[in-house]
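See structure below.
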Amino acid sequence: MIAIAAALAQIIVILIHRRRPATTATRTTPWAYMAAALAACAGGWLVIGLPPVVWGDLFLSLMCGVILGSEAAGAARELSGRAWAGWATACTGGAASATWLLDTPLPFTTAFSG
């Protein structure tokens, strides 16, 4: 649930950014945002309790967290004009994408089930 909401929010930010007229002539790959999203994804995996990695889920997590997250981070940076917005978007999207690796829709639900 968290990963789906984060992916939808990232797609919305990217679409809003694409609809606006371009302000810069060149567009580069946001490698720094990709690295931040990947680190946040690994951190999110540690926080949610190191669930076992299934390759299909790992691909989905990396696709949504790193690739989609870095694009959304670049879009958030250009839309807001502030550097922290891009970094916050990359880290939030990366950490949220780690929840694709869980068996349950929400993290920490098994701890409270009794």
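How things are named: the first chain in the structure tokens is A, the next is B, and so on; residues count from 1 in each chain; ligands count from 1 in the order shown.
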
| message | Set the distance at 12 Å and use only C-alpha atoms: which residues neighbour range 6-20 of chain A once local chain neighbours fewer than 6 positions away are removed? I'd like the list as JSON, numbers by chain. | response | {"A": [60, 61, 62, 63, 64, 65, 66, 67, 68, 69, 70, 71, 72, 73, 74, 75, 76, 77, 78, 79, 80, 85, 86, 88, 89, 90, 91, 92, 93, 94, 95, 96, 97, 98, 99, 100]}

| remark: Among A:Leu46, A:Leu101, A:Trp87, A:Trp55, Met34 in chain A is approached most closely, using only C-alpha atoms, by A:Trp87

| task | Report the residues of chain A whose backbone DSSP state falls under helix (DSSP H, G or I), written as number ranges by chain. | result | A: 2-19, 31-47, 55-80, 83-101
